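With TSV, C-alpha atoms and all ligand atoms inside, this is target39.tsv:
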```
chain	number	residue	atom	x	y	z
A	1	MET	CA	63.83	-93.92	-112.36
A	2	SER	CA	61.13	-96.30	-111.16
A	3	PRO	CA	61.28	-99.92	-112.42
A	4	PRO	CA	58.85	-100.89	-115.24
A	5	SER	CA	55.48	-101.99	-113.90
A	6	LEU	CA	54.65	-105.68	-113.83
A	7	ILE	CA	51.90	-105.08	-116.38
A	8	ASP	CA	54.32	-103.47	-118.88
A	9	THR	CA	56.63	-106.47	-118.72
A	10	HIS	CA	53.76	-108.88	-119.49
A	11	PRO	CA	52.74	-108.24	-123.11
A	12	ASN	CA	49.89	-110.77	-122.89
A	13	LEU	CA	48.16	-108.64	-120.27
A	14	SER	CA	47.69	-105.81	-122.73
A	15	ASP	CA	46.26	-107.79	-125.68
A	16	THR	CA	44.15	-105.69	-128.03
A	17	ALA	CA	40.46	-105.68	-127.16
A	18	PRO	CA	37.81	-106.90	-129.63
A	19	VAL	CA	36.11	-104.17	-131.66
A	20	ALA	CA	32.92	-102.99	-129.93
A	21	LEU	CA	29.62	-103.06	-131.79
A	22	SER	CA	26.57	-101.03	-130.90
A	23	TYR	CA	23.35	-99.72	-132.41
A	24	GLU	CA	21.18	-96.66	-131.89
A	25	LEU	CA	17.42	-97.09	-131.61
A	26	PHE	CA	14.72	-94.53	-130.98
A	27	PRO	CA	11.50	-95.05	-128.99
A	28	PRO	CA	8.57	-95.90	-131.30
A	29	ARG	CA	5.93	-93.26	-131.96
A	30	SER	CA	3.00	-95.62	-132.66
A	31	PRO	CA	1.97	-99.26	-132.09
A	32	ALA	CA	2.84	-100.06	-135.75
A	33	ALA	CA	6.29	-98.49	-135.32
A	34	ALA	CA	6.73	-100.52	-132.12
A	35	GLU	CA	6.04	-103.74	-134.01
A	36	THR	CA	8.63	-102.89	-136.68
A	37	LEU	CA	11.11	-101.87	-134.00
A	38	TRP	CA	10.76	-105.19	-132.19
A	39	THR	CA	11.42	-107.11	-135.41
A	40	THR	CA	14.55	-104.99	-135.80
A	41	ILE	CA	15.58	-105.56	-132.19
A	42	ARG	CA	15.29	-109.34	-132.58
A	43	GLU	CA	17.35	-109.26	-135.80
A	44	LEU	CA	20.03	-107.03	-134.28
A	45	GLU	CA	20.15	-109.16	-131.15
A	46	THR	CA	21.45	-112.07	-133.23
A	47	THR	CA	24.64	-110.07	-133.85
A	48	ALA	CA	25.37	-109.88	-130.10
A	49	PRO	CA	26.12	-106.15	-129.87
A	50	ASP	CA	27.88	-104.83	-126.77
A	51	TYR	CA	25.08	-102.34	-126.14
A	52	VAL	CA	22.18	-100.59	-127.85
A	53	SER	CA	21.58	-96.91	-127.26
A	54	VAL	CA	18.07	-95.48	-126.87
A	55	THR	CA	17.54	-91.84	-127.84
A	56	TYR	CA	15.75	-89.27	-125.69
A	57	GLY	CA	13.69	-86.40	-127.13
A	58	ALA	CA	15.31	-83.12	-126.09
A	59	SER	CA	11.92	-81.83	-124.97
A	60	GLY	CA	11.57	-84.81	-122.66
A	61	SER	CA	8.31	-85.59	-124.53
A	62	ASN	CA	9.18	-89.24	-125.22
A	63	ARG	CA	10.42	-89.90	-121.71
A	64	ASP	CA	7.80	-92.58	-120.98
A	65	THR	CA	8.30	-94.46	-124.26
A	66	ALA	CA	12.09	-94.27	-123.84
A	67	VAL	CA	11.93	-95.67	-120.30
A	68	GLU	CA	9.42	-98.33	-121.40
A	69	LEU	CA	11.68	-99.42	-124.28
A	70	ILE	CA	14.70	-99.58	-121.98
A	71	ASN	CA	12.74	-101.67	-119.46
A	72	ARG	CA	11.64	-104.12	-122.14
A	73	LEU	CA	15.19	-104.40	-123.49
A	74	LEU	CA	16.36	-105.28	-120.00
A	75	LEU	CA	13.54	-107.71	-119.25
A	76	GLU	CA	12.96	-109.40	-122.60
A	77	THR	CA	16.28	-109.40	-124.44
A	78	THR	CA	19.96	-110.13	-123.93
A	79	LEU	CA	20.80	-106.52	-124.90
A	80	ARG	CA	22.39	-103.93	-122.63
A	81	PRO	CA	20.80	-100.50	-123.03
A	82	LEU	CA	22.71	-97.23	-123.06
A	83	ALA	CA	20.16	-94.54	-122.17
A	84	HIS	CA	20.50	-91.14	-123.83
A	85	LEU	CA	19.59	-88.23	-121.55
A	86	THR	CA	19.46	-84.51	-122.33
A	87	CYS	CA	19.75	-81.31	-120.29
A	88	VAL	CA	17.13	-79.49	-122.35
A	89	GLY	CA	13.50	-80.07	-121.37
A	90	ASN	CA	13.94	-81.15	-117.75
A	91	THR	CA	14.95	-79.41	-114.54
A	92	PRO	CA	18.03	-80.75	-112.71
A	93	GLN	CA	15.71	-82.18	-110.04
A	94	GLU	CA	13.71	-84.05	-112.66
A	95	LEU	CA	16.92	-85.29	-114.28
A	96	ALA	CA	18.24	-86.56	-110.94
A	97	GLY	CA	14.94	-88.46	-110.55
A	98	ILE	CA	15.20	-89.95	-114.05
A	99	ILE	CA	18.83	-91.00	-113.46
A	100	GLY	CA	17.75	-92.73	-110.22
A	101	GLU	CA	14.85	-94.41	-112.03
A	102	LEU	CA	17.18	-95.67	-114.79
A	103	LEU	CA	19.61	-97.06	-112.23
A	104	ASP	CA	16.76	-98.78	-110.37
A	105	THR	CA	15.72	-100.59	-113.56
A	106	GLY	CA	19.28	-101.85	-114.06
A	107	VAL	CA	20.69	-99.33	-116.55
A	108	ARG	CA	24.44	-98.85	-116.16
A	109	GLY	CA	25.22	-96.71	-119.20
A	110	ILE	CA	24.06	-93.14	-119.86
A	111	LEU	CA	24.89	-90.92	-122.85
A	112	ALA	CA	24.94	-87.40	-121.40
A	113	LEU	CA	23.84	-84.79	-123.95
A	114	ARG	CA	22.83	-81.17	-124.01
A	115	GLY	CA	20.09	-82.00	-126.51
A	116	ASP	CA	18.99	-80.04	-129.54
A	117	LEU	CA	17.62	-76.61	-128.68
A	118	PRO	CA	13.92	-76.01	-129.50
A	119	LYS	CA	13.58	-75.22	-133.23
A	120	ASP	CA	11.11	-72.38	-132.55
A	121	GLY	CA	13.76	-70.54	-130.54
A	122	ALA	CA	11.75	-71.10	-127.32
A	123	ALA	CA	13.79	-70.75	-124.14
A	124	PRO	CA	14.91	-74.00	-122.46
A	125	VAL	CA	13.08	-75.01	-119.26
A	126	ALA	CA	13.86	-72.46	-116.52
A	127	GLY	CA	16.87	-73.51	-114.45
A	128	SER	CA	17.81	-76.33	-116.84
A	129	LEU	CA	21.43	-77.40	-117.11
A	130	ARG	CA	23.33	-75.51	-119.77
A	131	TYR	CA	25.86	-78.00	-121.12
A	132	ALA	CA	26.35	-81.78	-121.34
A	133	GLN	CA	29.26	-81.27	-118.93
A	134	ASP	CA	26.77	-80.20	-116.22
A	135	LEU	CA	24.72	-83.35	-116.80
A	136	ILE	CA	27.83	-85.55	-116.44
A	137	GLU	CA	28.48	-83.92	-113.08
A	138	LEU	CA	24.86	-84.50	-112.00
A	139	ILE	CA	25.07	-88.18	-113.02
A	140	ARG	CA	28.30	-88.58	-111.06
A	141	ARG	CA	26.67	-86.95	-108.02
A	142	VAL	CA	23.66	-89.30	-108.15
A	143	GLU	CA	26.07	-92.21	-108.58
A	144	GLN	CA	28.12	-91.13	-105.58
A	145	ARG	CA	25.01	-91.05	-103.39
A	146	ARG	CA	24.16	-94.57	-104.48
A	147	SER	CA	27.65	-96.02	-104.48
A	148	ALA	CA	26.74	-98.79	-102.02
A	149	LEU	CA	24.02	-99.92	-104.44
A	150	LEU	CA	26.42	-99.96	-107.36
A	151	CYS	CA	29.12	-102.30	-106.11
A	152	ALA	CA	28.51	-104.67	-109.02
A	153	GLY	CA	28.78	-102.02	-111.72
A	154	LYS	CA	29.14	-98.24	-111.77
A	155	ILE	CA	27.73	-95.97	-114.45
A	156	ALA	CA	29.55	-95.67	-117.78
A	157	VAL	CA	28.96	-92.11	-118.97
A	158	GLY	CA	29.23	-91.37	-122.68
A	159	VAL	CA	29.17	-88.05	-124.50
A	160	ALA	CA	28.86	-86.71	-128.04
A	161	ALA	CA	31.93	-85.84	-130.12
A	162	TYR	CA	32.02	-83.98	-133.41
A	163	PRO	CA	34.18	-84.89	-136.44
A	164	THR	CA	32.98	-81.64	-138.07
A	165	ARG	CA	32.32	-78.39	-136.21
A	166	HIS	CA	29.21	-78.37	-134.01
A	167	PRO	CA	26.83	-75.80	-135.59
A	168	GLU	CA	26.90	-73.57	-132.49
A	169	SER	CA	30.63	-73.83	-131.92
A	170	PRO	CA	33.17	-71.25	-133.12
A	171	SER	CA	35.69	-73.89	-134.29
A	172	GLU	CA	36.68	-77.57	-134.34
A	173	ALA	CA	39.41	-76.67	-131.81
A	174	HIS	CA	36.69	-75.43	-129.44
A	175	ASP	CA	34.79	-78.70	-129.91
A	176	VAL	CA	37.88	-80.61	-128.80
A	177	GLU	CA	38.27	-78.33	-125.77
A	178	VAL	CA	34.64	-79.11	-124.88
A	179	LEU	CA	35.32	-82.84	-125.30
A	180	LEU	CA	38.33	-82.54	-122.99
A	181	ALA	CA	36.18	-80.69	-120.44
A	182	LYS	CA	33.60	-83.49	-120.62
A	183	GLN	CA	36.36	-86.04	-120.03
A	184	ARG	CA	37.55	-84.06	-116.99
A	185	SER	CA	34.00	-83.99	-115.63
A	186	GLY	CA	33.85	-87.79	-115.74
A	187	ALA	CA	32.98	-88.96	-119.27
A	188	ASP	CA	34.18	-92.50	-119.97
A	189	PHE	CA	33.72	-92.59	-123.73
A	190	ALA	CA	32.41	-90.59	-126.67
A	191	ILE	CA	30.31	-91.45	-129.72
A	192	THR	CA	30.63	-89.27	-132.77
A	193	GLN	CA	28.05	-87.39	-134.72
A	194	VAL	CA	27.53	-88.72	-138.27
A	195	PHE	CA	30.22	-87.83	-140.80
A	196	PHE	CA	30.39	-88.32	-144.55
A	197	HIS	CA	34.10	-88.20	-145.48
A	198	THR	CA	36.61	-90.96	-144.75
A	199	ASP	CA	39.28	-88.65	-143.26
A	200	GLN	CA	36.99	-86.85	-140.78
A	201	TYR	CA	37.09	-89.43	-137.99
A	202	ALA	CA	40.90	-89.79	-138.17
A	203	ASP	CA	41.27	-85.99	-138.08
A	204	LEU	CA	39.08	-85.75	-134.99
A	205	LEU	CA	41.06	-88.51	-133.30
A	206	THR	CA	44.36	-86.75	-134.02
A	207	ARG	CA	43.08	-83.38	-132.73
A	208	ALA	CA	41.55	-84.96	-129.64
A	209	ARG	CA	44.61	-87.03	-128.68
A	210	ARG	CA	46.87	-84.00	-129.17
A	211	ALA	CA	44.65	-81.99	-126.82
A	212	GLY	CA	44.83	-84.70	-124.13
A	213	VAL	CA	41.58	-86.58	-124.72
A	214	THR	CA	42.27	-90.21	-123.83
A	215	ILE	CA	38.76	-91.73	-123.64
A	216	PRO	CA	37.60	-94.05	-126.46
A	217	ILE	CA	35.99	-92.13	-129.32
A	218	ILE	CA	33.59	-94.42	-131.15
A	219	PRO	CA	32.61	-93.48	-134.69
A	220	GLY	CA	28.86	-93.26	-135.25
A	221	VAL	CA	28.00	-94.37	-138.78
A	222	MET	CA	24.68	-94.33	-140.51
A	223	PRO	CA	23.92	-96.64	-143.43
A	224	LEU	CA	23.83	-94.06	-146.24
A	225	THR	CA	21.12	-95.83	-148.21
A	226	SER	CA	18.35	-93.23	-148.32
A	227	LEU	CA	18.74	-89.97	-150.21
A	228	ARG	CA	15.93	-88.35	-148.21
A	229	ARG	CA	17.40	-89.41	-144.89
A	230	VAL	CA	20.97	-88.36	-145.74
A	231	ARG	CA	19.70	-84.91	-146.80
A	232	ARG	CA	17.48	-84.57	-143.71
A	233	LEU	CA	20.25	-85.62	-141.35
A	234	GLY	CA	22.62	-83.18	-143.05
A	235	GLU	CA	20.10	-80.40	-142.28
A	236	LEU	CA	19.46	-81.51	-138.70
A	237	THR	CA	23.10	-81.93	-137.71
A	238	GLY	CA	24.65	-79.21	-139.88
A	239	VAL	CA	26.99	-81.86	-141.37
A	240	GLU	CA	27.41	-81.43	-145.14
A	241	PRO	CA	26.78	-84.75	-146.99
A	242	ALA	CA	29.29	-85.61	-149.74
A	243	PRO	CA	27.78	-84.28	-153.05
A	244	GLU	CA	29.03	-87.29	-155.05
A	245	LEU	CA	27.17	-89.66	-152.71
A	246	LEU	CA	23.96	-87.63	-153.09
A	247	GLU	CA	24.35	-87.78	-156.88
A	248	ARG	CA	24.94	-91.53	-156.91
A	249	LEU	CA	21.94	-92.17	-154.64
A	250	ALA	CA	19.75	-89.87	-156.75
A	251	SER	CA	20.65	-91.62	-160.00
A	252	ALA	CA	20.24	-95.19	-158.65
A	253	ASP	CA	17.60	-97.21	-160.54
A	254	SER	CA	16.18	-99.20	-157.64
A	255	ASP	CA	16.06	-99.54	-153.86
A	256	LEU	CA	18.43	-102.49	-154.17
A	257	GLU	CA	20.94	-100.34	-156.05
A	258	ARG	CA	20.62	-97.58	-153.41
A	259	LEU	CA	21.18	-100.16	-150.68
A	260	ARG	CA	24.37	-101.33	-152.40
A	261	ILE	CA	25.70	-97.80	-152.99
A	262	GLY	CA	24.84	-96.66	-149.46
A	263	VAL	CA	26.22	-99.73	-147.70
A	264	ASP	CA	29.47	-99.57	-149.72
A	265	ALA	CA	29.92	-95.88	-148.85
A	266	THR	CA	29.31	-96.63	-145.16
A	267	VAL	CA	31.72	-99.58	-145.24
A	268	ASP	CA	34.39	-97.19	-146.57
A	269	LEU	CA	33.72	-94.74	-143.71
A	270	ALA	CA	33.77	-97.47	-141.06
A	271	ASN	CA	36.90	-99.15	-142.45
A	272	ALA	CA	38.74	-95.81	-142.58
A	273	ALA	CA	37.76	-95.21	-138.96
A	274	LEU	CA	38.89	-98.69	-137.91
A	275	GLN	CA	42.21	-98.18	-139.69
A	276	ALA	CA	42.65	-94.91	-137.81
A	277	GLY	CA	42.23	-96.85	-134.54
A	278	ALA	CA	38.50	-96.76	-133.81
A	279	PRO	CA	37.76	-99.04	-130.82
A	280	GLY	CA	34.25	-99.82	-132.03
A	281	ILE	CA	31.50	-99.02	-134.48
A	282	HIS	CA	28.16	-97.48	-133.47
A	283	ILE	CA	25.45	-97.86	-136.11
A	284	TYR	CA	22.60	-95.35	-136.36
A	285	THR	CA	19.90	-97.82	-137.40
A	286	PHE	CA	16.82	-95.57	-137.71
A	287	ASN	CA	15.05	-98.63	-136.28
A	288	GLU	CA	15.74	-100.65	-139.45
A	289	HIS	CA	17.87	-103.75	-139.53
A	290	GLN	CA	18.40	-104.61	-143.20
A	291	SER	CA	21.08	-102.04	-144.04
A	292	ALA	CA	22.73	-102.40	-140.61
A	293	LEU	CA	23.06	-106.16	-141.13
A	294	GLU	CA	24.35	-105.72	-144.71
A	295	LEU	CA	26.91	-103.29	-143.35
A	296	LEU	CA	28.02	-105.74	-140.67
A	297	ASP	CA	28.33	-108.58	-143.16
A	298	LYS	CA	30.61	-106.48	-145.36
A	299	LEU	CA	32.64	-105.09	-142.46
A	300	ALA	CA	33.59	-108.47	-141.00
A	301	LEU	CA	34.53	-106.95	-137.63
A	302	PRO	CA	36.86	-109.01	-135.48
A	303	ARG	CA	34.35	-109.93	-132.75
A	304	ARG	CA	34.53	-112.30	-129.84
A	305	THR	CA	31.96	-115.06	-129.42
A	306	HIS	CA	29.72	-114.64	-126.40
A	307	PRO	CA	29.16	-117.67	-124.17
A	308	GLY	CA	25.42	-116.90	-123.98
A	309	ILE	CA	25.02	-116.18	-127.65
A	310	ARG	CA	22.07	-117.69	-129.52
A	311	PRO	CA	22.91	-120.24	-132.24
A	312	ASP	CA	21.75	-117.94	-135.09
A	313	ALA	CA	24.09	-115.22	-133.78
A	314	ALA	CA	26.99	-117.65	-133.68
A	315	ALA	CA	26.22	-118.69	-137.25
A	316	ARG	CA	26.25	-115.04	-138.35
A	317	GLN	CA	29.60	-114.49	-136.65
A	318	LEU	CA	31.10	-117.54	-138.30
A	319	ALA	CA	29.78	-116.47	-141.69
A	320	SER	CA	31.29	-112.99	-141.44
B	401	LIG	P1	27.45	-79.82	-125.38
B	401	LIG	O1	28.66	-80.65	-125.26
B	401	LIG	O2	26.90	-79.20	-124.14
B	401	LIG	O3	27.72	-78.68	-126.47
B	401	LIG	C1	26.66	-77.84	-126.92
B	401	LIG	C2	27.27	-76.55	-127.47
B	401	LIG	O4	27.78	-75.78	-126.39
B	401	LIG	C3	28.44	-76.78	-128.41
B	401	LIG	O5	28.41	-75.79	-129.42
B	401	LIG	C4	29.67	-76.60	-127.54
B	401	LIG	O6	30.75	-76.10	-128.28
B	401	LIG	C5	29.18	-75.57	-126.52
B	401	LIG	N1	29.75	-75.78	-125.18
B	401	LIG	C6	29.71	-76.93	-124.45
B	401	LIG	N2	30.31	-76.74	-123.26
B	401	LIG	C7	30.74	-75.46	-123.24
B	401	LIG	C8	31.41	-74.66	-122.27
B	401	LIG	N3	31.78	-75.16	-121.09
B	401	LIG	N4	31.70	-73.36	-122.60
B	401	LIG	C9	31.33	-72.83	-123.80
B	401	LIG	N5	30.67	-73.56	-124.75
B	401	LIG	C10	30.39	-74.84	-124.46
B	401	LIG	N6	19.95	-85.01	-129.17
B	401	LIG	C11	18.79	-85.30	-128.53
B	401	LIG	O7	17.99	-84.40	-128.33
B	401	LIG	N7	18.50	-86.58	-128.11
B	401	LIG	C12	19.34	-87.62	-128.29
B	401	LIG	O8	19.06	-88.75	-127.89
B	401	LIG	C13	20.59	-87.34	-128.96
B	401	LIG	N8	21.51	-88.33	-129.16
B	401	LIG	C14	22.73	-88.04	-129.72
B	401	LIG	C15	23.68	-89.05	-129.83
B	401	LIG	C16	24.93	-88.77	-130.38
B	401	LIG	C17	25.95	-89.87	-130.48
B	401	LIG	C18	25.22	-87.45	-130.84
B	401	LIG	C19	26.57	-87.15	-131.46
B	401	LIG	C20	24.27	-86.44	-130.73
B	401	LIG	C21	23.03	-86.71	-130.16
B	401	LIG	N9	22.06	-85.72	-130.00
B	401	LIG	C22	20.86	-86.00	-129.38
B	401	LIG	C23	22.29	-84.38	-130.53
B	401	LIG	C24	22.92	-83.41	-129.49
B	401	LIG	O9	22.02	-83.24	-128.42
B	401	LIG	C25	23.19	-82.10	-130.22
B	401	LIG	O10	24.27	-82.26	-131.11
B	401	LIG	C26	23.36	-80.88	-129.33
B	401	LIG	O11	23.26	-79.74	-130.17
B	401	LIG	C27	24.67	-80.81	-128.58
B	401	LIG	O12	24.76	-81.77	-127.62
B	401	LIG	P2	26.13	-82.03	-126.79
B	401	LIG	O13	25.84	-83.07	-125.82
B	401	LIG	O14	27.27	-82.18	-127.71
B	401	LIG	O15	26.25	-80.60	-126.05
```
If you took the structure in this file and wrote it as C-alpha cells, what would it be?
Amino acid sequence: MSPPSLIDTHPNLSDTAPVALSYELFPPRSPAAAETLWTTIRELETTAPDYVSVTYGASGSNRDTAVELINRLLLETTLRPLAHLTCVGNTPQELAGIIGELLDTGVRGILALRGDLPKDGAAPVAGSLRYAQDLIELIRRVEQRRSALLCAGKIAVGVAAYPTRHPESPSEAHDVEVLLAKQRSGADFAITQVFFHTDQYADLLTRARRAGVTIPIIPGVMPLTSLRRVRRLGELTGVEPAPELLERLASADSDLERLRIGVDATVDLANAALQAGAPGIHIYTFNEHQSALELLDKLALPRRTHPGIRPDAAARQLAS
C-alpha cells in the first residue's frame, strides 16, 4: 500500500471553498434594454460575483450583441464573463473563429451548449455540430493550438445539466450518461437547467455522482417572482412548474407580494441545493437586479471578501 499523500495528512490544505456566485445575463435587444441592462450590471457588480454568463442565441443571430456585451464587461467592469456558445446556427469553422475571437478579447470561460433547435422544425445549419460534446472537443482543439498564448489561464468549459429529463431525452439516466460523456470530453463544470422542486437538485447530484460525474454541478435558480415568466419558462424548457407556486403567484394582491412569494420559494430551492452540497448558486436574472439582490440578501451565502471589491459591495457582504 502506498503511504498517504502529503496533502491528505494536511487537513488545512483541503479547507472548504467559498460558495460561488454567478448571474446569467442576455444581450440586449434594443438601446432601451441596453440601458436597463447596464443599471442591472452595475447593481450586480456590487455583490462581487465570481462570473457572469452571457447567453447566445441558438441561431447565432445575436452574435454581435453578445460579443459586444462581453467586450464591455471585460473593458468597463470588474466582472469575468462566461460566454455561452451553441452548436446550432454556426458551422464548425465559424465556431472555431468565434472561440478564437473570444479568447483574443480575454474570455477564459465558455459554456458549451447544443442550443435549442429551431421552433419551426427547420434543419440546423448544414454540417453543424450535433451535440454539446462535439463543441467541447472543438473548444479543446482551439485551446490546444493556442496553448502558448494561454499560459496565464486556460479555458474553463461548462455544460448544461438537467435536474428533470431533457425534453428530447429518453430518460433521466440517459441525461446523466450524456453529462458523463461531456465530462470525459473535457467539461470542467456544469450549470443546471431551472427546476421547481427542492429535491430535484439533490436527486440529480446523487444520480450523477453514482454514474461517475465528478465535476461541480452548479444549481441554476431563477427568482420565481413572475407568473408569466415561470409559465413561459416551463413551456420553453419542458420543466413543469410547481402548481402550488403558480396558484400562490396568481392570487397575490400586488407586485410586492409576488416578489416576496417568489423570492421565498427560490430561497427554499437554493438552500435545499446548498444543503445537498451545491458548490455555488447561478442566478438567472432576466436582466433584472431587484429580485436577484433580494434573493442574495435572504440567502446569506458564505462569501469571501475580494481585495479589489468596491466599498458598496463590501457593505452588502457585511450586511448579509
Ligand atoms: P446536449 O448535451 O448536446 O443534449 C441535447 C440532446 O441530445 C439531449 O436530449 C441529450 O440527451 C442528447 N444527446 C447529447 N449527446 C448525445 C449522444 N452522444 N448520444 C445520444 N444523444 C445525445 N440555449 C441557447 O440557445 N442559448 C443559450 O445561451 C443557452 N444557455 C443555457 C444555459 C444553461 C445553464 C442551460 C441549462 C441551458 C441553456 N440553453 C441555451 C438551452 C440548451 O441549449 C437546450 O437545453 C438544448 O436543448 C440542449 O443543450 P445541451 O447543451 O444540453 O445539449
Inset, instruction - Could the residues that lie within 6 Å of ligand LIG 401 (chain B), counting all atoms listed in the file, be listed as an MDAnalysis selection string? - result: chainID A and resid 55:58 84 113:116 131:132 160:161 166 168:169 175 178 191:193
Using all atoms listed in the file, the best pick from A:Leu21, A:Arg140, A:Glu247, A:Gly97 as closest to Leu295 (chain A) would be A:Leu21
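The point (7.4, -100.2, -128.0) has these residues within 6 Å of it when only C-alpha atoms are used: A:Pro28, A:Ala34, A:Leu69.
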Since we have the selection now, will you write its residues out, keeping C-alpha atoms, as a CSV table (one decimal), in the frame of the given file?
```csv
chain,number,residue,atom,x,y,z
A,28,PRO,CA,8.6,-95.9,-131.3
A,34,ALA,CA,6.7,-100.5,-132.1
A,69,LEU,CA,11.7,-99.4,-124.3
```
Residues near Ala66 (chain A), cut-off 7 Å, only C-alpha atoms, skip fewer than 2 positions along chain, as a compact mmCIF listing (two decimals) with C-alpha atoms, keeping the file's coordinate frame:
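The resulting file, result36.txt, is shown below:
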```
# COMPACT_ATOMS: atom_id res chain seq x y z
CA PRO A 27 11.50 -95.05 -128.99
CA VAL A 54 18.07 -95.48 -126.87
CA TYR A 56 15.75 -89.27 -125.69
CA ASN A 62 9.18 -89.24 -125.22
CA ARG A 63 10.42 -89.90 -121.71
CA ASP A 64 7.80 -92.58 -120.98
CA GLU A 68 9.42 -98.33 -121.40
CA LEU A 69 11.68 -99.42 -124.28
CA ILE A 70 14.70 -99.58 -121.98
```
- Find the residues with any atom within 8 Å of (20.8, -102.1, -130.5); use only C-alpha atoms and the coordinates as given in the file, and write the answer as number ranges by chain. A: 22-25, 41, 44-45, 49, 51-53, 79, 81
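Computed from the coordinates, the CA of Gly89 (chain A) to CA of Pro124 (chain A) distance equals 6.3 Å.
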Q.
Report, in Å with one decimal, the straight-line distance from CA of Lys154 (chain A) to CA of Arg72 (chain A).
A.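 Going from CA of Lys154 (chain A) over to CA of Arg72 (chain A), I get 21.2 Å.
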Given the choices A:Thr91, A:Thr214, A:Ser251, A:Thr105, which gets closest to Gly127 (chain A) if the distance is worked out from only C-alpha atoms?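 The closest residue to Gly127 (chain A) is A:Thr91.
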Note to self: Quick check, in Å to one decimal: how far apart do CA of Ala123 (chain A) and CA of Cys87 (chain A) lie?
What the structure shows: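 One can read the CA of Ala123 (chain A) to CA of Cys87 (chain A) distance as 12.7 Å.
Nearest residue to His174 (chain A), choosing from A:Phe195, A:Trp38, A:Tyr162, A:Phe286 and counting only C-alpha atoms: A:Tyr162.
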